[in-house]
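Enquirer: Below is upload_39.pdb; it holds PDB, C-alpha atoms.
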ATOM      1  CA  MET B   1     -49.871  32.409  33.066
ATOM      2  CA  MET B   2     -47.408  29.548  33.062
ATOM      3  CA  ILE B   3     -49.818  27.171  34.839
ATOM      4  CA  ASP B   4     -52.583  27.881  32.315
ATOM      5  CA  ARG B   5     -50.186  27.133  29.456
ATOM      6  CA  LEU B   6     -49.136  23.905  31.100
ATOM      7  CA  LEU B   7     -52.799  22.934  31.630
ATOM      8  CA  ARG B   8     -53.561  23.687  27.961
ATOM      9  CA  LEU B   9     -50.621  21.587  26.844
ATOM     10  CA  THR B  10     -51.699  18.699  29.091
ATOM     11  CA  GLY B  11     -55.283  18.993  27.875
ATOM     12  CA  GLY B  12     -54.148  19.142  24.249
ATOM     13  CA  VAL B  13     -52.042  16.008  24.654
ATOM     14  CA  VAL B  14     -54.930  14.160  26.353
ATOM     15  CA  LEU B  15     -57.389  15.227  23.628
ATOM     16  CA  ALA B  16     -54.964  14.139  20.901
ATOM     17  CA  GLY B  17     -54.491  10.832  22.749
ATOM     18  CA  PHE B  18     -58.265  10.404  22.961
ATOM     19  CA  PHE B  19     -58.644  10.808  19.188
ATOM     20  CA  ILE B  20     -55.737   8.466  18.450
ATOM     21  CA  VAL B  21     -57.039   5.802  20.849
ATOM     22  CA  SER B  22     -60.645   6.079  19.647
ATOM     23  CA  PHE B  23     -60.212   6.365  15.898
ATOM     24  CA  THR B  24     -57.092   4.351  15.088
ATOM     25  CA  PRO B  25     -56.318   0.658  15.757
ATOM     26  CA  LEU B  26     -53.366   1.603  18.010
ATOM     27  CA  SER B  27     -54.907   0.106  21.170
ATOM     28  CA  ASN B  28     -55.698  -3.135  19.279
ATOM     29  CA  VAL B  29     -52.059  -3.395  18.148
ATOM     30  CA  ILE B  30     -50.742  -2.726  21.677
ATOM     31  CA  ALA B  31     -53.236  -5.213  23.170
ATOM     32  CA  PHE B  32     -52.202  -7.862  20.647
ATOM     33  CA  ARG B  33     -48.517  -7.375  21.487
ATOM     34  CA  LEU B  34     -49.096  -7.436  25.256
ATOM     35  CA  ALA B  35     -51.403 -10.479  25.281
ATOM     36  CA  MET B  36     -49.899 -13.735  26.454
ATOM     37  CA  PRO B  37     -50.192 -16.427  23.774
ATOM     38  CA  PRO B  38     -51.939 -19.694  24.698
ATOM     39  CA  GLU B  39     -49.811 -22.650  25.818
ATOM     40  CA  VAL B  40     -52.622 -25.178  26.050
ATOM     41  CA  ALA B  41     -51.435 -28.733  26.824
ATOM     42  CA  PRO B  42     -52.362 -31.529  29.277
ATOM     43  CA  ALA B  43     -51.973 -30.538  32.939
ATOM     44  CA  ASP B  44     -52.855 -31.769  36.440
ATOM     45  CA  ALA B  45     -55.521 -29.102  37.028
ATOM     46  CA  ILE B  46     -57.279 -26.181  35.394
ATOM     47  CA  VAL B  47     -57.265 -23.080  37.599
ATOM     48  CA  VAL B  48     -59.846 -20.404  36.749
ATOM     49  CA  LEU B  49     -59.125 -17.067  38.434
ATOM     50  CA  GLY B  50     -61.903 -14.912  39.899
ATOM     51  CA  GLY B  51     -63.481 -12.259  37.701
ATOM     52  CA  GLY B  52     -66.133 -10.660  39.878
ATOM     53  CA  GLN B  53     -69.715 -11.252  40.895
ATOM     54  CA  SER B  54     -72.616  -9.023  41.919
ATOM     55  CA  GLU B  55     -76.063  -9.765  43.363
ATOM     56  CA  GLU B  56     -77.255 -10.251  39.759
ATOM     57  CA  GLY B  57     -74.730 -12.995  39.061
ATOM     58  CA  LEU B  58     -71.318 -13.552  37.520
ATOM     59  CA  SER B  59     -69.632 -10.629  35.753
ATOM     60  CA  LEU B  60     -68.864 -11.030  32.048
ATOM     61  CA  PRO B  61     -65.114 -11.663  32.600
ATOM     62  CA  SER B  62     -65.985 -14.237  35.276
ATOM     63  CA  LEU B  63     -68.431 -15.979  32.949
ATOM     64  CA  VAL B  64     -65.998 -15.969  30.002
ATOM     65  CA  ARG B  65     -63.206 -17.422  32.156
ATOM     66  CA  THR B  66     -65.502 -20.098  33.613
ATOM     67  CA  ILE B  67     -66.696 -21.205  30.182
ATOM     68  CA  ARG B  68     -63.078 -21.389  28.969
ATOM     69  CA  GLY B  69     -62.150 -23.512  32.002
ATOM     70  CA  ILE B  70     -65.083 -25.864  31.391
ATOM     71  CA  GLU B  71     -64.150 -26.087  27.703
ATOM     72  CA  LEU B  72     -60.583 -27.117  28.628
ATOM     73  CA  TYR B  73     -61.927 -29.688  31.129
ATOM     74  CA  GLN B  74     -64.332 -31.128  28.540
ATOM     75  CA  SER B  75     -61.383 -31.425  26.138
ATOM     76  CA  GLY B  76     -59.791 -33.794  28.644
ATOM     77  CA  LEU B  77     -56.766 -31.587  29.301
ATOM     78  CA  ALA B  78     -56.908 -31.955  33.107
ATOM     79  CA  PRO B  79     -58.833 -34.065  35.633
ATOM     80  CA  LYS B  80     -59.569 -31.237  38.088
ATOM     81  CA  LEU B  81     -61.283 -27.867  37.638
ATOM     82  CA  VAL B  82     -60.425 -25.276  40.290
ATOM     83  CA  LEU B  83     -62.922 -22.390  40.418
ATOM     84  CA  LEU B  84     -62.024 -19.293  42.413
ATOM     85  CA  GLY B  85     -64.071 -16.371  43.667
ATOM     86  CA  PRO B  86     -64.862 -14.851  47.070
ATOM     87  CA  PRO B  87     -68.294 -14.494  48.708
ATOM     88  CA  LEU B  88     -70.372 -11.356  48.192
ATOM     89  CA  ARG B  89     -69.763  -8.596  50.730
ATOM     90  CA  ASP B  90     -73.230  -8.993  52.252
ATOM     91  CA  GLY B  91     -72.436 -12.626  53.008
ATOM     92  CA  GLY B  92     -74.192 -14.056  49.949
ATOM     93  CA  GLY B  93     -72.980 -17.061  47.978
ATOM     94  CA  SER B  94     -69.494 -16.983  46.557
ATOM     95  CA  GLU B  95     -68.441 -16.504  42.952
ATOM     96  CA  GLY B  96     -66.670 -19.871  43.194
ATOM     97  CA  LEU B  97     -69.905 -21.654  44.192
ATOM     98  CA  THR B  98     -71.904 -19.900  41.438
ATOM     99  CA  ARG B  99     -69.302 -21.053  38.922
ATOM    100  CA  ALA B 100     -69.397 -24.593  40.327
ATOM    101  CA  ARG B 101     -73.185 -24.700  39.837
ATOM    102  CA  LEU B 102     -72.720 -23.608  36.238
ATOM    103  CA  ALA B 103     -69.984 -26.207  35.706
ATOM    104  CA  ARG B 104     -72.236 -28.996  37.020
ATOM    105  CA  THR B 105     -74.982 -28.026  34.581
ATOM    106  CA  MET B 106     -72.359 -28.352  31.826
ATOM    107  CA  GLN B 107     -71.534 -31.958  32.695
ATOM    108  CA  VAL B 108     -68.431 -31.367  34.819
ATOM    109  CA  ARG B 109     -68.327 -34.194  37.384
ATOM    110  CA  PRO B 110     -68.941 -32.737  40.877
ATOM    111  CA  GLN B 111     -65.996 -34.692  42.341
ATOM    112  CA  ASP B 112     -63.672 -32.988  39.830
ATOM    113  CA  ILE B 113     -64.676 -29.466  40.898
ATOM    114  CA  ILE B 114     -62.623 -27.696  43.557
ATOM    115  CA  VAL B 115     -63.994 -24.372  44.837
ATOM    116  CA  GLU B 116     -61.687 -21.835  46.484
ATOM    117  CA  GLU B 117     -63.269 -18.735  48.029
ATOM    118  CA  GLY B 118     -60.196 -17.303  49.751
ATOM    119  CA  GLY B 119     -58.276 -15.017  47.397
ATOM    120  CA  LEU B 120     -59.176 -11.348  46.978
ATOM    121  CA  THR B 121     -56.142 -10.355  44.888
ATOM    122  CA  THR B 122     -54.184 -12.262  42.250
ATOM    123  CA  ARG B 123     -51.312 -12.723  44.684
ATOM    124  CA  GLN B 124     -53.648 -14.112  47.353
ATOM    125  CA  GLU B 125     -55.240 -16.395  44.768
ATOM    126  CA  ALA B 126     -51.828 -17.939  43.988
ATOM    127  CA  THR B 127     -51.203 -18.588  47.686
ATOM    128  CA  VAL B 128     -54.624 -20.101  48.462
ATOM    129  CA  VAL B 129     -54.597 -22.298  45.349
ATOM    130  CA  GLN B 130     -51.145 -23.617  46.258
ATOM    131  CA  ALA B 131     -52.440 -24.580  49.725
ATOM    132  CA  LYS B 132     -55.682 -26.024  48.337
ATOM    133  CA  LEU B 133     -53.963 -28.210  45.724
ATOM    134  CA  GLU B 134     -51.176 -29.489  47.968
ATOM    135  CA  PRO B 135     -53.052 -32.747  48.849
ATOM    136  CA  TYR B 136     -53.632 -33.488  45.144
ATOM    137  CA  ALA B 137     -49.902 -33.403  44.206
ATOM    138  CA  VAL B 138     -50.570 -30.957  41.394
ATOM    139  CA  THR B 139     -47.457 -29.649  39.657
ATOM    140  CA  THR B 140     -48.682 -28.410  36.266
ATOM    141  CA  ILE B 141     -51.704 -26.137  35.913
ATOM    142  CA  LEU B 142     -53.583 -24.570  33.053
ATOM    143  CA  LEU B 143     -54.157 -21.019  34.244
ATOM    144  CA  VAL B 144     -57.316 -19.401  32.901
ATOM    145  CA  THR B 145     -57.774 -15.635  33.002
ATOM    146  CA  ASP B 146     -57.684 -12.607  30.646
ATOM    147  CA  SER B 147     -54.770 -12.570  28.196
ATOM    148  CA  HIS B 148     -53.324  -9.394  29.744
ATOM    149  CA  HIS B 149     -53.883 -10.498  33.326
ATOM    150  CA  LEU B 150     -51.865 -13.643  32.560
ATOM    151  CA  LEU B 151     -48.676 -11.564  32.296
ATOM    152  CA  ARG B 152     -49.002 -10.816  36.015
ATOM    153  CA  ALA B 153     -50.765 -13.983  37.157
ATOM    154  CA  LYS B 154     -48.443 -16.530  35.541
ATOM    155  CA  PRO B 155     -45.234 -15.501  37.405
ATOM    156  CA  LEU B 156     -47.176 -15.309  40.684
ATOM    157  CA  PHE B 157     -48.336 -18.921  40.324
ATOM    158  CA  GLU B 158     -44.824 -19.970  39.258
ATOM    159  CA  ASN B 159     -43.476 -18.290  42.396
ATOM    160  CA  VAL B 160     -45.582 -20.588  44.585
ATOM    161  CA  GLY B 161     -44.201 -23.668  42.816
ATOM    162  CA  PHE B 162     -46.498 -24.489  39.892
ATOM    163  CA  GLU B 163     -45.482 -25.129  36.324
ATOM    164  CA  VAL B 164     -47.943 -22.825  34.572
ATOM    165  CA  LEU B 165     -49.454 -23.152  31.110
ATOM    166  CA  ALA B 166     -51.258 -20.029  29.929
ATOM    167  CA  ALA B 167     -54.855 -20.460  28.809
ATOM    168  CA  PRO B 168     -56.209 -17.010  27.891
ATOM    169  CA  ALA B 169     -59.979 -16.764  28.082
ATOM    170  CA  ASP B 170     -60.273 -13.969  25.522
ATOM    171  CA  ASP B 171     -58.772 -12.072  22.667
ATOM    172  CA  TYR B 172     -59.687  -8.485  23.492
ATOM    173  CA  SER B 173     -57.387  -7.115  20.775
ATOM    174  CA  MET B 174     -59.728  -8.610  18.176
ATOM    175  CA  LEU B 175     -63.008  -7.960  20.003
ATOM    176  CA  SER B 176     -62.727  -4.187  20.374
ATOM    177  CA  GLY B 177     -63.574  -2.831  16.921
ATOM    178  CA  GLY B 178     -65.462   0.426  17.584
ATOM    179  CA  PRO B 179     -64.296   3.633  19.298
ATOM    180  CA  GLY B 180     -66.059   2.732  22.574
ATOM    181  CA  GLY B 181     -64.530  -0.741  22.583
ATOM    182  CA  ARG B 182     -61.072   0.668  21.951
ATOM    183  CA  ILE B 183     -61.410   3.099  24.875
ATOM    184  CA  GLU B 184     -62.465   0.178  27.074
ATOM    185  CA  LEU B 185     -59.507  -1.811  25.765
ATOM    186  CA  THR B 186     -57.136   1.084  26.544
ATOM    187  CA  ILE B 187     -58.476   1.236  30.111
ATOM    188  CA  ARG B 188     -57.839  -2.518  30.453
ATOM    189  CA  ILE B 189     -54.270  -2.107  29.157
ATOM    190  CA  VAL B 190     -53.542   0.861  31.451
ATOM    191  CA  ARG B 191     -55.113  -0.911  34.460
ATOM    192  CA  GLU B 192     -53.084  -4.077  33.951
ATOM    193  CA  GLN B 193     -49.838  -2.194  33.338
ATOM    194  CA  ALA B 194     -50.455  -0.110  36.487
ATOM    195  CA  ALA B 195     -51.101  -3.314  38.430
ATOM    196  CA  ARG B 196     -47.848  -4.828  37.147
ATOM    197  CA  ILE B 197     -45.932  -1.701  38.204
ATOM    198  CA  TYR B 198     -47.555  -1.867  41.644
ATOM    199  CA  TYR B 199     -46.721  -5.584  41.998
ATOM    200  CA  ARG B 200     -43.108  -4.922  40.954
ATOM    201  CA  MET B 201     -42.772  -2.015  43.409
ATOM    202  CA  ALA B 202     -44.240  -4.149  46.180
ATOM    203  CA  GLY B 203     -41.782  -6.949  45.332
ATOM    204  CA  TYR B 204     -44.469  -9.491  44.384
ATOM    205  CA  LEU B 205     -43.059 -10.018  40.864
TER     206      LEU B 205
ATOM    207  CA  MET N 206     -64.071   2.055   9.304
ATOM    208  CA  PHE N 207     -62.488   2.619  12.777
ATOM    209  CA  GLY N 208     -65.642   4.539  13.780
ATOM    210  CA  LEU N 209     -64.726   7.460  11.498
ATOM    211  CA  ASP N 210     -68.426   7.779  10.664
ATOM    212  CA  LEU N 211     -68.922   9.095  14.216
ATOM    213  CA  LEU N 212     -66.125  11.600  13.701
ATOM    214  CA  VAL N 213     -67.641  12.780  10.413
ATOM    215  CA  LEU N 214     -71.025  13.174  12.157
ATOM    216  CA  VAL N 215     -69.485  15.326  14.892
ATOM    217  CA  ILE N 216     -67.594  17.451  12.353
ATOM    218  CA  ILE N 217     -70.834  18.070  10.409
ATOM    219  CA  THR N 218     -72.786  19.084  13.536
ATOM    220  CA  SER N 219     -69.857  21.262  14.686
ATOM    221  CA  VAL N 220     -69.838  23.126  11.382
ATOM    222  CA  GLY N 221     -73.632  23.476  11.730
ATOM    223  CA  ILE N 222     -73.434  24.967  15.223
ATOM    224  CA  TYR N 223     -70.606  27.272  14.077
ATOM    225  CA  ILE N 224     -72.868  28.668  11.363
ATOM    226  CA  VAL N 225     -75.798  29.006  13.798
ATOM    227  CA  GLY N 226     -73.524  30.714  16.352
ATOM    228  CA  MET N 227     -72.120  33.191  13.828
ATOM    229  CA  ARG N 228     -75.311  34.033  11.898
ATOM    230  CA  TRP N 229     -78.179  33.748  14.391
ATOM    231  CA  MET N 230     -76.592  34.042  17.814
ATOM    232  CA  GLY N 231     -74.103  36.757  16.892
ATOM    233  CA  LEU N 232     -71.126  35.101  18.555
ATOM    234  CA  GLN N 233     -68.020  37.144  17.784
ATOM    235  CA  SER N 234     -65.128  35.663  19.737
ATOM    236  CA  SER N 235     -62.616  33.304  18.165
ATOM    237  CA  VAL N 236     -63.237  29.539  18.144
ATOM    238  CA  ARG N 237     -59.487  29.139  18.594
ATOM    239  CA  THR N 238     -59.747  30.790  22.040
ATOM    240  CA  SER N 239     -62.615  28.439  22.919
ATOM    241  CA  LEU N 240     -60.489  25.454  21.890
ATOM    242  CA  ALA N 241     -57.657  26.727  24.098
ATOM    243  CA  HIS N 242     -60.079  27.041  27.049
ATOM    244  CA  THR N 243     -61.370  23.543  26.313
ATOM    245  CA  ALA N 244     -57.808  22.157  26.358
ATOM    246  CA  GLU N 245     -57.233  24.025  29.629
ATOM    247  CA  THR N 246     -60.387  22.488  31.146
ATOM    248  CA  VAL N 247     -59.284  19.023  30.035
ATOM    249  CA  GLY N 248     -55.894  19.718  31.626
ATOM    250  CA  ILE N 249     -57.643  20.623  34.892
ATOM    251  CA  ALA N 250     -59.697  17.424  34.609
ATOM    252  CA  VAL N 251     -56.437  15.468  34.340
ATOM    253  CA  VAL N 252     -55.174  17.161  37.509
ATOM    254  CA  PHE N 253     -58.432  16.305  39.348
ATOM    255  CA  PHE N 254     -58.233  12.726  38.047
ATOM    256  CA  VAL N 255     -54.647  12.293  39.257
ATOM    257  CA  VAL N 256     -55.562  13.736  42.676
ATOM    258  CA  ASN N 257     -58.644  11.486  42.914
ATOM    259  CA  VAL N 258     -56.678   8.366  41.927
ATOM    260  CA  THR N 259     -53.882   9.197  44.374
ATOM    261  CA  VAL N 260     -56.322   9.692  47.259
ATOM    262  CA  LEU N 261     -58.171   6.498  46.306
ATOM    263  CA  VAL N 262     -54.991   4.398  46.090
ATOM    264  CA  VAL N 263     -53.587   5.746  49.368
ATOM    265  CA  GLY N 264     -56.986   5.227  51.045
ATOM    266  CA  ALA N 265     -57.356   1.707  49.665
ATOM    267  CA  LEU N 266     -53.851   0.693  50.733
ATOM    268  CA  THR N 267     -54.439   2.178  54.194
ATOM    269  CA  MET N 268     -57.721   0.249  54.496
ATOM    270  CA  ARG N 269     -55.932  -2.926  53.408
ATOM    271  CA  ALA N 270     -53.256  -2.342  56.042
ATOM    272  CA  LEU N 271     -56.070  -2.068  58.612
ATOM    273  CA  GLY N 272     -57.531  -5.384  57.452
ATOM    274  CA  PHE N 273     -60.356  -4.178  55.178
ATOM    275  CA  PHE N 274     -60.146  -5.091  51.514
ATOM    276  CA  VAL N 275     -60.756  -2.287  48.987
ATOM    277  CA  SER N 276     -60.170  -3.046  45.303
ATOM    278  CA  LEU N 277     -57.657  -0.857  43.475
ATOM    279  CA  TYR N 278     -59.597  -1.513  40.257
ATOM    280  CA  LEU N 279     -61.938   1.296  41.391
ATOM    281  CA  ALA N 280     -59.232   3.726  40.268
ATOM    282  CA  THR N 281     -59.752   2.741  36.631
ATOM    283  CA  ASP N 282     -63.545   3.009  36.669
ATOM    284  CA  LEU N 283     -64.638   5.264  33.803
ATOM    285  CA  THR N 284     -67.015   7.027  36.221
ATOM    286  CA  LEU N 285     -64.009   8.531  38.023
ATOM    287  CA  ALA N 286     -62.839  10.162  34.761
ATOM    288  CA  ILE N 287     -66.331  11.571  34.154
ATOM    289  CA  LEU N 288     -66.602  12.877  37.730
ATOM    290  CA  SER N 289     -63.151  14.471  37.434
ATOM    291  CA  SER N 290     -64.313  16.196  34.230
ATOM    292  CA  ILE N 291     -67.384  17.541  36.035
ATOM    293  CA  GLN N 292     -65.129  18.829  38.814
ATOM    294  CA  ALA N 293     -62.980  20.578  36.185
ATOM    295  CA  VAL N 294     -65.962  22.217  34.457
ATOM    296  CA  VAL N 295     -67.371  23.489  37.767
ATOM    297  CA  PHE N 296     -63.934  24.746  38.781
ATOM    298  CA  GLN N 297     -63.503  26.582  35.462
ATOM    299  CA  PHE N 298     -66.937  28.247  35.728
ATOM    300  CA  TRP N 299     -66.098  29.218  39.297
ATOM    301  CA  ARG N 300     -62.797  30.769  38.153
ATOM    302  CA  TYR N 301     -64.400  32.666  35.260
ATOM    303  CA  SER N 302     -67.333  33.848  37.410
ATOM    304  CA  ASP N 303     -64.836  35.151  39.922
ATOM    305  CA  GLU N 304     -62.773  36.933  37.227
ATOM    306  CA  SER N 305     -65.848  38.512  35.607
ATOM    307  CA  GLY N 306     -67.395  39.412  38.963
ATOM    308  CA  ASP N 307     -70.471  37.296  38.197
ATOM    309  CA  GLY N 308     -72.656  36.034  41.073
TER     310      GLY N 308
END
Could you write out this structure as structure tokens?

Expert:
Amino acid sequence: MMIDRLLRLTGGVVLAGFFIVSFTPLSNVIAFRLAMPPEVAPADAIVVLGGGQSEEGLSLPSLVRTIRGIELYQSGLAPKLVLLGPPLRDGGGSEGLTRARLARTMQVRPQDIIVEEGGLTTRQEATVVQAKLEPYAVTTILLVTDSHHLLRAKPLFENVGFEVLAAPADDYSMLSGGPGGRIELTIRIVREQAARIYYRMAGYL
Amino acid sequence: MFGLDLLVLVIITSVGIYIVGMRWMGLQSSVRTSLAHTAETVGIAVVFFVVNVTVLVVGALTMRALGFFVSLYLATDLTLAILSSIQAVVFQFWRYSDESGDG
């Protein structure tokens, strides 16, 4: 049957793709090319985008981004550290507050920490940060998130009026060495590209 | 390098099970046909995955329009791919059982 042939062809292509993704460095090369390079320089504030939190604590991306933000603050690149992240669904403490606690234990001055719990999507985060930083006359920000997420996040923050310097929190293209890591990396690439397509279709970018 | 050791391992065990299947289990049908059925099942899994993602995205966007936030990142959870594969395997067994008059 024609449908069976089509299904076999689709399955064959997917299986071939699985072997290429798992056992060749293709995904690492693509990830390297898609990653936004760092543009680290002095700014008015460091903005660390949300990365997720569960009842157990901060997710790994959230933790990595927070540490990168604190590192930039400790390097004296900006006087303010803006930590984002919404509350847990059951009404528990927010990701932003958890990050602020961590920042205080790492010698970030409490008066330099700004917590924003409002944004649930990257687009919302840009809007709430713009409103939150208005009283501080912030024009230039160091934006901290994943290197692939920056491709989408940077123009969104520029759209709300900031001059944005990219500060990637990771280098996934180098981290994912084994087959499992490369599959995870491919999922990240596909997810971010799908998100960019969605944002373009919705007119956000 | 590149995890090829895992691939070599799987090739060795596959050759082993081929020998066991031929000599001790008396399996006669072609492995090529089995590979074609496997590709077909993967193709069905892709169809299930696309349907699942579409329903999830439409549902999430509808919920958002109603004021409830649902993350679209759920669509790229590896679990969804595994569940779609299970759906495909069950569907294939159902089809073959029906064709062979089993059950």

Enquirer: Produce a table with one row for each residue of chain B that has an atom at most 7 Å from any atom of chain N, each row naming the nearest atom pair and its distance in Å at one decimal; use only C-alpha atoms; arrange rows by chain and rising residue number; format as JSON lines.

Expert:
{"residue": "B:Asp4", "atom": "CA", "partner": "N:Glu245", "partner_atom": "CA", "distance": 6.6}
{"residue": "B:Leu7", "atom": "CA", "partner": "N:Gly248", "partner_atom": "CA", "distance": 4.5}
{"residue": "B:Arg8", "atom": "CA", "partner": "N:Glu245", "partner_atom": "CA", "distance": 4.0}
{"residue": "B:Thr10", "atom": "CA", "partner": "N:Gly248", "partner_atom": "CA", "distance": 5.0}
{"residue": "B:Gly11", "atom": "CA", "partner": "N:Gly248", "partner_atom": "CA", "distance": 3.9}
{"residue": "B:Gly12", "atom": "CA", "partner": "N:Ala244", "partner_atom": "CA", "distance": 5.2}
{"residue": "B:Phe23", "atom": "CA", "partner": "N:Phe207", "partner_atom": "CA", "distance": 5.4}
{"residue": "B:Thr24", "atom": "CA", "partner": "N:Phe207", "partner_atom": "CA", "distance": 6.1}
{"residue": "B:Gly177", "atom": "CA", "partner": "N:Phe207", "partner_atom": "CA", "distance": 6.9}
{"residue": "B:Gly178", "atom": "CA", "partner": "N:Gly208", "partner_atom": "CA", "distance": 5.6}
{"residue": "B:Pro179", "atom": "CA", "partner": "N:Gly208", "partner_atom": "CA", "distance": 5.8}
{"residue": "B:Ile187", "atom": "CA", "partner": "N:Thr281", "partner_atom": "CA", "distance": 6.8}
{"residue": "B:Arg191", "atom": "CA", "partner": "N:Thr281", "partner_atom": "CA", "distance": 6.3}

Enquirer: At a cut-off of 12 Å, using only C-alpha atoms, what residues contact N:Phe298? Leave out same-chain residues fewer than 5 positions from it and give the result as a list in words.

Expert: His242, Thr243, Thr246, Ile291, Gln292, Ala293, Asp303, Glu304, Ser305, Gly306, Asp307 and Gly308 of chain N

Enquirer: Would you mind listing what lies within 9 Å of B:Val108 as number ranges by chain, with all atoms listed in the file counted and same-chain residues fewer than 6 positions away left out?

Expert: B: 70, 73-74, 81, 100, 102

Enquirer: Can you tell me how far atom CA of B:Ala137 sits from atom CA of B:Ala153, in Å to one decimal?

Expert: 20.7 Å

Enquirer: Can you measure atom CA of B:Leu205 to atom CA of B:Ala126 for me? One decimal in Å is fine.

Expert: 12.2 Å

Enquirer: Report the residues retrieved by the PyMOL selection byres ((chain B and resi 60-63) around 9) from the displayed file, expressed as a list in words.

Expert: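 Checked against the file, the PyMOL selection byres ((chain B and resi 60-63) around 9) matches Val48, Leu49, Gly50, Gly51, Gly52, Gln53, Leu58, Ser59, Val64, Arg65, Thr66, Ile67, Arg68, Gly85, Glu95, Arg99, Thr145, Asp146, Ala169 and Asp170 of chain B.
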
Enquirer: Rounded to one decimal, what separation in Å do you get between atom CA of N:Val258 and atom CA of N:Ser289?

Expert: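 Taking atom CA of N:Val258 as the start and atom CA of N:Ser289 as the end point, the length is 10.0 Å.
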
Enquirer: For this structure, which residues satisfy the selection - the PyMOL selection byres ((chain B and resi 36-43) around 9) - when it is evaluated on the file as given? I want them as a list in words.

Expert: Phe32, Arg33, Leu34, Ala35, Asp44, Ala45, Ile46, Leu72, Gly76, Leu77, Ala78, Pro79, Val138, Thr139, Thr140, Ile141, Leu142, Asp146, Ser147, His148, His149, Leu150, Leu151, Val164, Leu165, Ala166, Ala167 and Pro168 of chain B

Enquirer: Quick one: residues within 12 Å of N:Tyr223, only C-alpha atoms counted, chain neighbours fewer than 6 positions away excluded, as a list in words?

Expert: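 Contacts, with the query itself left out: Ile216, Ile217, Trp229, Met230, Gly231, Leu232, Gln233, Ser234, Ser235, Val236 and Ser239 of chain N.
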
Enquirer: Mind checking which residues fall within 12 Å of B:Leu88, counting all atoms listed in the file, ignoring those fewer than 6 positions away in the same chain, and posting them as a list in words?

Expert: Gly52, Gln53, Ser54, Glu55, Glu56, Gly57, Leu58, Ser94, Glu95, Gly96, Leu97, Thr98, Glu117, Gly118 and Leu120 of chain B

Enquirer: Report the residues retrieved by the PyMOL selection byres ((chain B and resi 132) around 12) from the displayed file, expressed as a ChimeraX atom specification.

Expert: /B:45,47,82-84,114-119,125-131,133-138
